[in-house]
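Student: Below you'll find the structure I mean.
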Amino acid sequence: MSLGNHHLAWGAIAVTLAGFVWFAEAELSGFGRTVVGFAGIYAMLAVSLSFSNGLTGLFSLGHPAFMLVGGYVSAILTFPASRKGFMLPALPEWLADVEWPLFPATLAGALAATVVALVAGFPVLRLRGHYLAVATLGLIIILRVVVNNADGLTRGALGLNGIPRHTDLWWVLGWLAVTLLVCWRLKHSSVGRSLMAVRENEMAAACMGVNRARARLAAFALGAFFAGAAGALWAHLLTNLTPGSFGIMLAFMLVVMVVIGGSGSLVGAALAAIVITLAAEFLRPLEQALAVYGLVPILVAVLLIATLLLRPHGFFGSAEPRFLRPAAAPSPGAGDLPQPEAQENPR
Amino acid sequence: MTGGYILQQLVSGLVLGSVYALIAVGFSMIYGIVRLINFAHGDVLMVGAFAAFGVLTVLNLPLWAALVAVLAVGAVLAMVIDLVAFRPQRSAPQVNGFITSLGVSILLQNLGVLLLTGQPRPFNLPDWLRANIDVLGARMTVLEAVTVCLTVVILLALVALVRGTRMGVAMRAAAENPMAAQLMGIRLNRAIATAFATGGALAAIAGVLWAGRAGQIDPLMGLVPGLKAFVAAVIGGVGSLAGAVMGGYVLGLAEVLFVGLLPPEYGAYRDAFVFGLLILILLVLPNGLLGRAAEERA
C-alpha cells in the first residue's frame, strides 16, 4: 500500500495534535489542561456516538449512563487503598485492597459499560429508534438512582472525591486516536456498510443477509465501550464524580455535537465537540459575570434547532472531509503508472 | 397490612394515575397524528404550573381565572412550538423531530432558569383545596378528589371532541393516513395544530395538579412527569388515546403500590422501578396494552 495524500493529511493532524498536547502539558495551567482534556474527552464521546447513532440510524441518549458506569468502576479500582476503608466501607474484600494504574482501570470501566449496554440494549434494540431514546434516558435515571442509593460503594449523592488525577492529555489524545481509528476503520469496512444498510432500509438490509439486531447491538456496545473509557478518563481528570453530572444535559450536549457535525461523520463530530466545548468554556465566565445562568444551554439549544431547520444533515452529513479520505481509484490511463487492463476486483 | 391501608394506597394510585393519564393522553395524541415523541411535553406542563403561579400568587386573581389562563397558555405554547420548530420539518426523518423536541425542552427549561432562577418556589392553591375529606373510608385532600373528577370530565370532553366534532374526525383521519386525509380536503396543519393545542392544554392543567401535590415549582419540574407520561403511553400503546389513559392509571397504581407495599428502604428506587417497568413492557408487550402492531414494509 502506497502512501496517499490522505495519509499525509492524517500524519500532519497527528503531529499537530501531539505538538499541541506537548505544549499544553508544559505551558498551560492546571485549569487550562483540564479544559483541553475535556475537549478531547467530548470529542471521543461525540465520535463514538456519531458512530453508534449516525451509522445505524438509532437514537441512543445513553452515553452518560455508560460514562457513569465507566467512571465509577475505574475510580473504585484506582482509589487509594488506604482511604477506601472509611470512604467506601461496603466494598468487598477483593476490591478494598486493589489500587490499579489508570490504563487497566479505564479498560475495566469500558468493559463494564459494554456489559451494561449489552444487557440493556438486547430488549430495546429490537424496537424502533425513538423507543431507544427514551429507554436509554430511563437507563440514565435507573443508574443514577442505583448510584445514589449504593452509598457504601459510591458515596451516593455526595459524590466520590479524591480520585487520583491520573489522566493527562497524552492519555486523552491516545484514547481519542484509538476511538477515531477504530470507528473510522469499522465505518469504512463491511461492518460499516451493513450498519448503513440497516439505517437506509432495514428490510432490504435484512434481505441481503444483515442480521439487524446483531449489527445494531454491536454498534451500540462499541459506543458504550468508548463512553465507558471516556467516563474513566473524566473521573481521573476531574478527580471527583457525582451521579448528577451524568444526566440529560450531558446527553443533550453530545447529541448537539453529533447533529451539528453531521450524524455519522466522525471527523465532523470531533470538530463540533471541540469547538462547542471550548466555546461553552469561554462563555461560562460571561454567564457568571452577567448572572444570566442558563445562557449557554439556551444558545446551544437555539444552535441545535437552527441547524435542524436550516441544515438538517449537519456540516458534513454522514461523510468525512475529502482530504482525509483515500483518493478514488485512478481511472485507467490517468496516472503515470501503467494500469492493469480491466482487472477484476479480487473481492 | 390492613384493608384500610391498601384502600388508601389504591386511592393515591388513582390520583397519581389521573395526572399521568392527562399528560399521557396529550402526548399520545401528538404522537398519533405526527409520529413525534414530543420531549418538550413535560416542559409545557412546567410553563402551565408557572402560569397558574403567576395568576394566583402574583396577580392574586381567583382560581377560575387561573384555570382559564393555564389552558390558554398551554394551548398557545404548544401551537407555537409546533409552528416554529416542528412544522418546517414535517418531511424530515422522525428522529429529527425528536431531537428538535429535546432542544425545545432544554430551551424552555433554561429560559425558565434565566428568567425565574432555578430556585424552587412555594406553590399554594387556595386553602379549601388542601382540606382533608373522607371518601369511602379513605382520607384524601379536596385537591386529590378534584384531580380524579376533573380528569374524568376532561377525558369525557376529549372523547366528545375526537368522536363527535368535524375537527375530531379530521384528526383521526390525519392520524390514520395523512396523505389520504389531505386528498380528502382535510387541512393537515390545522388538524395537527389542534392536536398540539389540546395536548398542551391538558399538560398545562396537569402541571397545576402536579404542582399542587408537590407544593413547589421550579423550571426543571417538567422532566420527570414528562418521562413518566411517555412510559404510561408506551404501556398503553403509543398513539392510542384509550391506551394512554389506561397506561396512566396502570403506571400510577403500580408506582404507588411499589412504594407502599415494599419495605421503606426500596422507596428510593421508585423512579428506577418506573423505567425498569418500561424496559420490561417493551420486552414482553412492545405494542402496549391497546396499541396496534406497527406494519413493516419494504
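Residue numbering restarts at 1 for every chain of the C-alpha cells, chains are lettered A, B, ... in their displayed order, and ligands are numbered from 1 as they appear.
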Kindly determine which residues of chain B lie within 9 Å of chain A, considering only C-alpha atoms, and give the answer as a ChimeraX atom specification.

Tutor: /B:36-37,85-86,88-89,92,94-115,117-118,227,230-231,234,268-276,278-280,282-284,286,296-298

Student: Please save N, CA and C atoms of the selected residues as a short mmCIF file (atom, residue, chain, number, x, y, z; two decimals), in the first residue's frame.

Tutor:
data_model
loop_
_atom_site.label_atom_id
_atom_site.label_comp_id
_atom_site.auth_asym_id
_atom_site.auth_seq_id
_atom_site.Cartn_x
_atom_site.Cartn_y
_atom_site.Cartn_z
N LEU B 36 -44.50 11.90 16.42
CA LEU B 36 -43.43 12.65 17.07
C LEU B 36 -43.44 12.34 18.56
N ILE B 37 -42.29 11.91 19.08
CA ILE B 37 -42.12 11.80 20.53
C ILE B 37 -41.79 13.20 21.00
N ALA B 85 -41.01 25.05 15.43
CA ALA B 85 -39.97 24.03 15.45
C ALA B 85 -40.32 22.80 14.61
N PHE B 86 -41.57 22.37 14.64
CA PHE B 86 -41.88 21.08 14.02
C PHE B 86 -42.44 21.22 12.61
N PRO B 88 -41.85 23.23 10.08
CA PRO B 88 -40.91 23.34 8.95
C PRO B 88 -40.23 22.03 8.60
N GLN B 89 -40.26 21.05 9.47
CA GLN B 89 -39.55 19.81 9.14
C GLN B 89 -40.47 18.59 9.19
N ALA B 92 -38.93 15.69 7.32
CA ALA B 92 -37.64 15.18 7.76
C ALA B 92 -37.84 13.83 8.47
N GLN B 94 -38.15 10.97 11.28
CA GLN B 94 -38.80 11.09 12.59
C GLN B 94 -37.84 11.51 13.68
N VAL B 95 -36.62 10.99 13.59
CA VAL B 95 -35.70 11.23 14.70
C VAL B 95 -35.33 12.72 14.78
N ASN B 96 -35.37 13.44 13.66
CA ASN B 96 -35.09 14.87 13.71
C ASN B 96 -36.10 15.60 14.58
N GLY B 97 -37.36 15.20 14.46
CA GLY B 97 -38.38 15.81 15.29
C GLY B 97 -38.11 15.56 16.76
N PHE B 98 -37.67 14.35 17.07
CA PHE B 98 -37.38 14.05 18.47
C PHE B 98 -36.23 14.91 18.98
N ILE B 99 -35.18 15.02 18.16
CA ILE B 99 -34.02 15.83 18.59
C ILE B 99 -34.46 17.28 18.77
N THR B 100 -35.28 17.76 17.83
CA THR B 100 -35.78 19.13 17.95
C THR B 100 -36.53 19.31 19.27
N SER B 101 -37.37 18.34 19.60
CA SER B 101 -38.16 18.49 20.82
C SER B 101 -37.25 18.48 22.04
N LEU B 102 -36.16 17.73 21.97
CA LEU B 102 -35.17 17.77 23.05
C LEU B 102 -34.59 19.17 23.17
N GLY B 103 -34.29 19.78 22.02
CA GLY B 103 -33.78 21.15 22.03
C GLY B 103 -34.78 22.12 22.60
N VAL B 104 -36.05 21.97 22.21
CA VAL B 104 -37.09 22.86 22.72
C VAL B 104 -37.20 22.70 24.23
N SER B 105 -37.10 21.46 24.69
CA SER B 105 -37.21 21.20 26.12
C SER B 105 -36.09 21.90 26.90
N ILE B 106 -34.85 21.73 26.42
CA ILE B 106 -33.72 22.38 27.10
C ILE B 106 -33.88 23.90 27.04
N LEU B 107 -34.38 24.38 25.90
CA LEU B 107 -34.58 25.82 25.74
C LEU B 107 -35.58 26.34 26.76
N LEU B 108 -36.73 25.67 26.89
CA LEU B 108 -37.76 26.14 27.83
C LEU B 108 -37.24 26.08 29.26
N GLN B 109 -36.58 24.96 29.59
CA GLN B 109 -36.08 24.82 30.97
C GLN B 109 -35.11 25.96 31.30
N ASN B 110 -34.19 26.23 30.37
CA ASN B 110 -33.16 27.21 30.70
C ASN B 110 -33.65 28.63 30.57
N LEU B 111 -34.66 28.86 29.72
CA LEU B 111 -35.30 30.17 29.74
C LEU B 111 -35.94 30.37 31.11
N GLY B 112 -36.53 29.29 31.63
CA GLY B 112 -37.11 29.36 32.97
C GLY B 112 -36.05 29.71 34.01
N VAL B 113 -34.89 29.03 33.91
CA VAL B 113 -33.82 29.30 34.86
C VAL B 113 -33.34 30.74 34.71
N LEU B 114 -33.21 31.17 33.46
CA LEU B 114 -32.69 32.51 33.20
C LEU B 114 -33.63 33.59 33.73
N LEU B 115 -34.93 33.42 33.47
CA LEU B 115 -35.88 34.48 33.81
C LEU B 115 -36.38 34.39 35.24
N THR B 117 -34.94 32.13 37.78
CA THR B 117 -33.96 31.41 38.60
C THR B 117 -34.39 29.96 38.85
N GLY B 118 -33.40 29.11 39.13
CA GLY B 118 -33.68 27.69 39.32
C GLY B 118 -34.21 27.36 40.71
N LEU B 227 -41.36 12.33 31.32
CA LEU B 227 -40.83 11.00 31.01
C LEU B 227 -41.80 9.91 31.46
N PHE B 230 -44.50 9.42 29.11
CA PHE B 230 -44.08 8.59 27.98
C PHE B 230 -44.19 7.11 28.34
N VAL B 231 -43.73 6.77 29.55
CA VAL B 231 -43.83 5.37 29.97
C VAL B 231 -45.29 4.93 29.97
N VAL B 234 -46.43 4.31 26.52
CA VAL B 234 -45.90 3.06 25.98
C VAL B 234 -46.65 1.87 26.57
N ALA B 268 -36.70 4.64 47.66
CA ALA B 268 -35.81 5.49 46.89
C ALA B 268 -35.64 4.99 45.46
N TYR B 269 -36.00 3.74 45.23
CA TYR B 269 -35.82 3.18 43.89
C TYR B 269 -37.04 3.39 43.00
N ARG B 270 -37.96 4.27 43.44
CA ARG B 270 -39.22 4.50 42.75
C ARG B 270 -39.04 4.79 41.26
N ASP B 271 -38.18 5.77 40.92
CA ASP B 271 -38.02 6.13 39.52
C ASP B 271 -37.33 5.02 38.73
N ALA B 272 -36.39 4.33 39.40
CA ALA B 272 -35.74 3.20 38.74
C ALA B 272 -36.78 2.13 38.41
N PHE B 273 -37.73 1.94 39.34
CA PHE B 273 -38.79 0.95 39.10
C PHE B 273 -39.60 1.32 37.87
N VAL B 274 -39.96 2.61 37.74
CA VAL B 274 -40.79 3.03 36.62
C VAL B 274 -40.10 2.73 35.29
N PHE B 275 -38.81 3.03 35.21
CA PHE B 275 -38.13 2.82 33.93
C PHE B 275 -37.76 1.36 33.72
N GLY B 276 -37.56 0.63 34.82
CA GLY B 276 -37.41 -0.81 34.69
C GLY B 276 -38.68 -1.41 34.11
N LEU B 278 -40.73 0.13 32.17
CA LEU B 278 -40.76 0.49 30.75
C LEU B 278 -39.99 -0.53 29.92
N ILE B 279 -38.79 -0.87 30.37
CA ILE B 279 -37.96 -1.79 29.59
C ILE B 279 -38.63 -3.16 29.56
N LEU B 280 -39.22 -3.55 30.68
CA LEU B 280 -39.93 -4.84 30.73
C LEU B 280 -41.10 -4.86 29.75
N LEU B 282 -41.50 -3.03 27.09
CA LEU B 282 -41.01 -3.05 25.72
C LEU B 282 -40.58 -4.46 25.33
N LEU B 283 -40.11 -5.20 26.32
CA LEU B 283 -39.62 -6.55 26.04
C LEU B 283 -40.77 -7.52 25.78
N VAL B 284 -41.79 -7.49 26.64
CA VAL B 284 -42.83 -8.52 26.52
C VAL B 284 -44.03 -8.04 25.72
N PRO B 286 -44.35 -5.11 23.24
CA PRO B 286 -43.83 -3.89 22.61
C PRO B 286 -44.90 -2.96 22.05
N GLU B 296 -44.68 -3.23 8.81
CA GLU B 296 -43.33 -3.03 8.30
C GLU B 296 -43.38 -3.31 6.81
N ARG B 297 -42.96 -2.33 6.05
CA ARG B 297 -42.99 -2.53 4.60
C ARG B 297 -41.62 -2.25 4.02
N ALA B 298 -41.36 -2.90 2.94
CA ALA B 298 -40.08 -2.65 2.31
C ALA B 298 -40.14 -1.33 1.56
#

Student: Please measure the separation of CA of Leu143 in chain B and CA of Gly239 in chain B, giving the value in Å to one decimal.

Tutor: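 Calculated distance between CA of Leu143 in chain B and CA of Gly239 in chain B is 29.4 Å.
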
Student: Find the residues around Leu102 in chain A up to 8 Å (only C-alpha atoms counted), leave out those fewer than 2 positions away in its own chain, and share them as a list in words.

Tutor: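 Result of the neighbour search: Ser74, Thr78, Trp100, Pro104, Ala105, Thr106, His166 and Thr167 of chain A.
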
Student: May I have the residues within 9 Å of Val15 in chain B as an MDAnalysis selection string, using only C-alpha atoms and disregarding those fewer than 3 positions away in the same chain?

Tutor: chainID B and resid 10:12 18:20 144:145 147:148 249 252:253

Student: CA of Leu183 in chain B to CA of Gly200 in chain B: how many Å, to one decimal?

Tutor: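 Those two atoms sit 27.6 Å apart.
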
Student: Figure out the distance between CA of Leu49 in chain A and CA of Glu287 in chain A, please, to one decimal in Å.

Tutor: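 These two atoms are separated by 28.3 Å.
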
Student: Within range 7-248 of chain A, find each residue whose DSSP state, derived from the backbone, is strand (DSSP E), and express the selection as a list in words.

Tutor: Leu160, Asn161, Asn240 and Leu241 of chain A

Student: Neighbouring residues of Ala49 in chain B were defined as those with any atom within 10 Å, considering only C-alpha atoms; residues of the same chain fewer than 4 positions away were excluded. Please report them as number ranges by chain.

Tutor: B: 43-45, 53-54, 66, 70, 74, 123, 203-212, 216-219, 221-222

Student: What lies within 9 Å of range 86-97 of chain A using only C-alpha atoms, ignoring chain neighbours under 5 positions off, as a list in words?

Tutor: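 Residues near the query, excluding close chain neighbours: Ile76, Leu77, Pro80, Ala81, Ala150, Asp151, Gly152, Leu153, Thr154, Arg155 and Leu160 of chain A.
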
Student: Based on DSSP run over this structure's backbone, return all residues of range 70-129 of chain A in helix (DSSP H, G or I), as an NGL selection string.

Tutor: :A and (70-78 or 81-87 or 93-96 or 102-124 or 129)

Student: Now that the selection is made, can you save its residues with N, CA and C atoms as a tab-separated table (two decimals), in the first residue's frame?

Tutor:
chain	number	residue	atom	x	y	z
A	70	GLY	N	-18.47	3.56	33.60
A	70	GLY	CA	-17.02	3.54	33.40
A	70	GLY	C	-16.30	4.36	34.46
A	71	GLY	N	-16.86	5.51	34.77
A	71	GLY	CA	-16.24	6.39	35.76
A	71	GLY	C	-16.17	5.74	37.13
A	72	TYR	N	-17.30	5.22	37.61
A	72	TYR	CA	-17.31	4.66	38.95
A	72	TYR	C	-16.48	3.38	39.04
A	73	VAL	N	-16.60	2.51	38.04
A	73	VAL	CA	-15.83	1.26	38.09
A	73	VAL	C	-14.34	1.57	38.12
A	74	SER	N	-13.90	2.47	37.24
A	74	SER	CA	-12.46	2.75	37.20
A	74	SER	C	-12.01	3.46	38.47
A	75	ALA	N	-12.85	4.37	38.97
A	75	ALA	CA	-12.44	5.12	40.16
A	75	ALA	C	-12.32	4.19	41.37
A	76	ILE	N	-13.22	3.23	41.47
A	76	ILE	CA	-13.13	2.29	42.60
A	76	ILE	C	-11.85	1.47	42.49
A	77	LEU	N	-11.43	1.19	41.25
A	77	LEU	CA	-10.21	0.39	41.07
A	77	LEU	C	-8.94	1.18	41.36
A	78	THR	N	-8.94	2.48	41.04
A	78	THR	CA	-7.70	3.24	41.22
A	78	THR	C	-7.64	3.94	42.57
A	81	ALA	N	-5.90	2.67	48.30
A	81	ALA	CA	-6.41	1.61	49.18
A	81	ALA	C	-6.47	2.08	50.62
A	82	SER	N	-5.57	3.00	51.00
A	82	SER	CA	-5.55	3.45	52.38
A	82	SER	C	-6.82	4.19	52.76
A	83	ARG	N	-7.49	4.81	51.76
A	83	ARG	CA	-8.67	5.61	52.09
A	83	ARG	C	-9.97	4.88	51.79
A	84	LYS	N	-9.86	3.71	51.16
A	84	LYS	CA	-11.09	3.01	50.79
A	84	LYS	C	-11.88	2.59	52.03
A	85	GLY	N	-11.13	2.19	53.09
A	85	GLY	CA	-11.77	1.63	54.27
A	85	GLY	C	-12.85	2.54	54.83
A	86	PHE	N	-12.57	3.83	54.98
A	86	PHE	CA	-13.60	4.69	55.58
A	86	PHE	C	-14.46	5.41	54.55
A	87	MET	N	-13.92	5.59	53.31
A	87	MET	CA	-14.76	6.25	52.30
A	87	MET	C	-15.80	5.30	51.72
A	93	GLU	N	-13.97	-7.44	50.04
A	93	GLU	CA	-12.55	-7.61	50.39
A	93	GLU	C	-11.61	-7.46	49.19
A	94	TRP	N	-11.95	-8.19	48.11
A	94	TRP	CA	-11.01	-8.26	46.97
A	94	TRP	C	-10.90	-6.93	46.24
A	95	LEU	N	-11.86	-6.02	46.47
A	95	LEU	CA	-11.75	-4.70	45.84
A	95	LEU	C	-11.12	-3.67	46.78
A	96	ALA	N	-11.19	-3.97	48.08
A	96	ALA	CA	-10.77	-2.97	49.05
A	96	ALA	C	-9.26	-2.77	49.04
A	102	LEU	N	-3.97	3.65	35.80
A	102	LEU	CA	-5.09	4.18	35.01
A	102	LEU	C	-5.53	3.25	33.89
A	103	PHE	N	-4.56	2.74	33.09
A	103	PHE	CA	-4.97	2.07	31.87
A	103	PHE	C	-5.84	0.83	32.11
A	104	PRO	N	-5.41	-0.11	32.97
A	104	PRO	CA	-6.29	-1.26	33.20
A	104	PRO	C	-7.63	-0.86	33.81
A	105	ALA	N	-7.62	0.18	34.66
A	105	ALA	CA	-8.88	0.62	35.26
A	105	ALA	C	-9.81	1.19	34.20
A	106	THR	N	-9.23	1.96	33.25
A	106	THR	CA	-10.05	2.50	32.17
A	106	THR	C	-10.65	1.38	31.34
A	107	LEU	N	-9.81	0.39	31.06
A	107	LEU	CA	-10.28	-0.75	30.27
A	107	LEU	C	-11.41	-1.47	31.01
A	108	ALA	N	-11.23	-1.66	32.33
A	108	ALA	CA	-12.26	-2.35	33.11
A	108	ALA	C	-13.55	-1.53	33.10
A	109	GLY	N	-13.43	-0.21	33.23
A	109	GLY	CA	-14.62	0.64	33.19
A	109	GLY	C	-15.32	0.54	31.86
A	110	ALA	N	-14.52	0.55	30.78
A	110	ALA	CA	-15.10	0.48	29.45
A	110	ALA	C	-15.81	-0.86	29.25
A	111	LEU	N	-15.21	-1.94	29.74
A	111	LEU	CA	-15.83	-3.25	29.57
A	111	LEU	C	-17.11	-3.35	30.39
A	112	ALA	N	-17.09	-2.79	31.60
A	112	ALA	CA	-18.30	-2.80	32.42
A	112	ALA	C	-19.43	-2.07	31.70
A	113	ALA	N	-19.08	-0.92	31.09
A	113	ALA	CA	-20.10	-0.16	30.36
A	113	ALA	C	-20.63	-0.98	29.19
A	114	THR	N	-19.74	-1.73	28.53
A	114	THR	CA	-20.17	-2.55	27.41
A	114	THR	C	-21.17	-3.61	27.87
A	115	VAL	N	-20.87	-4.21	29.03
A	115	VAL	CA	-21.78	-5.24	29.54
A	115	VAL	C	-23.16	-4.64	29.82
A	116	VAL	N	-23.17	-3.45	30.45
A	116	VAL	CA	-24.45	-2.79	30.72
A	116	VAL	C	-25.20	-2.54	29.41
A	117	ALA	N	-24.44	-2.10	28.39
A	117	ALA	CA	-25.08	-1.81	27.11
A	117	ALA	C	-25.67	-3.07	26.50
A	118	LEU	N	-24.95	-4.18	26.62
A	118	LEU	CA	-25.46	-5.42	26.03
A	118	LEU	C	-26.73	-5.86	26.74
A	119	VAL	N	-26.71	-5.78	28.08
A	119	VAL	CA	-27.88	-6.22	28.84
A	119	VAL	C	-29.08	-5.32	28.56
A	120	ALA	N	-28.84	-3.98	28.58
A	120	ALA	CA	-29.95	-3.06	28.39
A	120	ALA	C	-30.36	-3.00	26.93
A	121	GLY	N	-29.39	-3.15	26.03
A	121	GLY	CA	-29.67	-2.99	24.61
A	121	GLY	C	-30.43	-4.16	24.03
A	122	PHE	N	-30.23	-5.34	24.59
A	122	PHE	CA	-30.84	-6.51	24.00
A	122	PHE	C	-32.35	-6.40	23.84
A	123	PRO	N	-33.08	-6.02	24.92
A	123	PRO	CA	-34.53	-5.89	24.71
A	123	PRO	C	-34.91	-4.70	23.84
A	124	VAL	N	-34.17	-3.60	24.00
A	124	VAL	CA	-34.66	-2.33	23.45
A	124	VAL	C	-34.31	-2.18	21.97
A	129	GLY	N	-36.40	3.48	16.62
A	129	GLY	CA	-35.49	4.48	17.16
A	129	GLY	C	-35.94	5.22	18.40

Student: Leaving out Leu158 in chain B and any residue of its chain fewer than 6 positions from it, which residues lie within 10 Å of it when counting only C-alpha atoms, given as a PyMOL selection string?

Tutor: chain B and resi 25-26+152+164+168+198+202+241
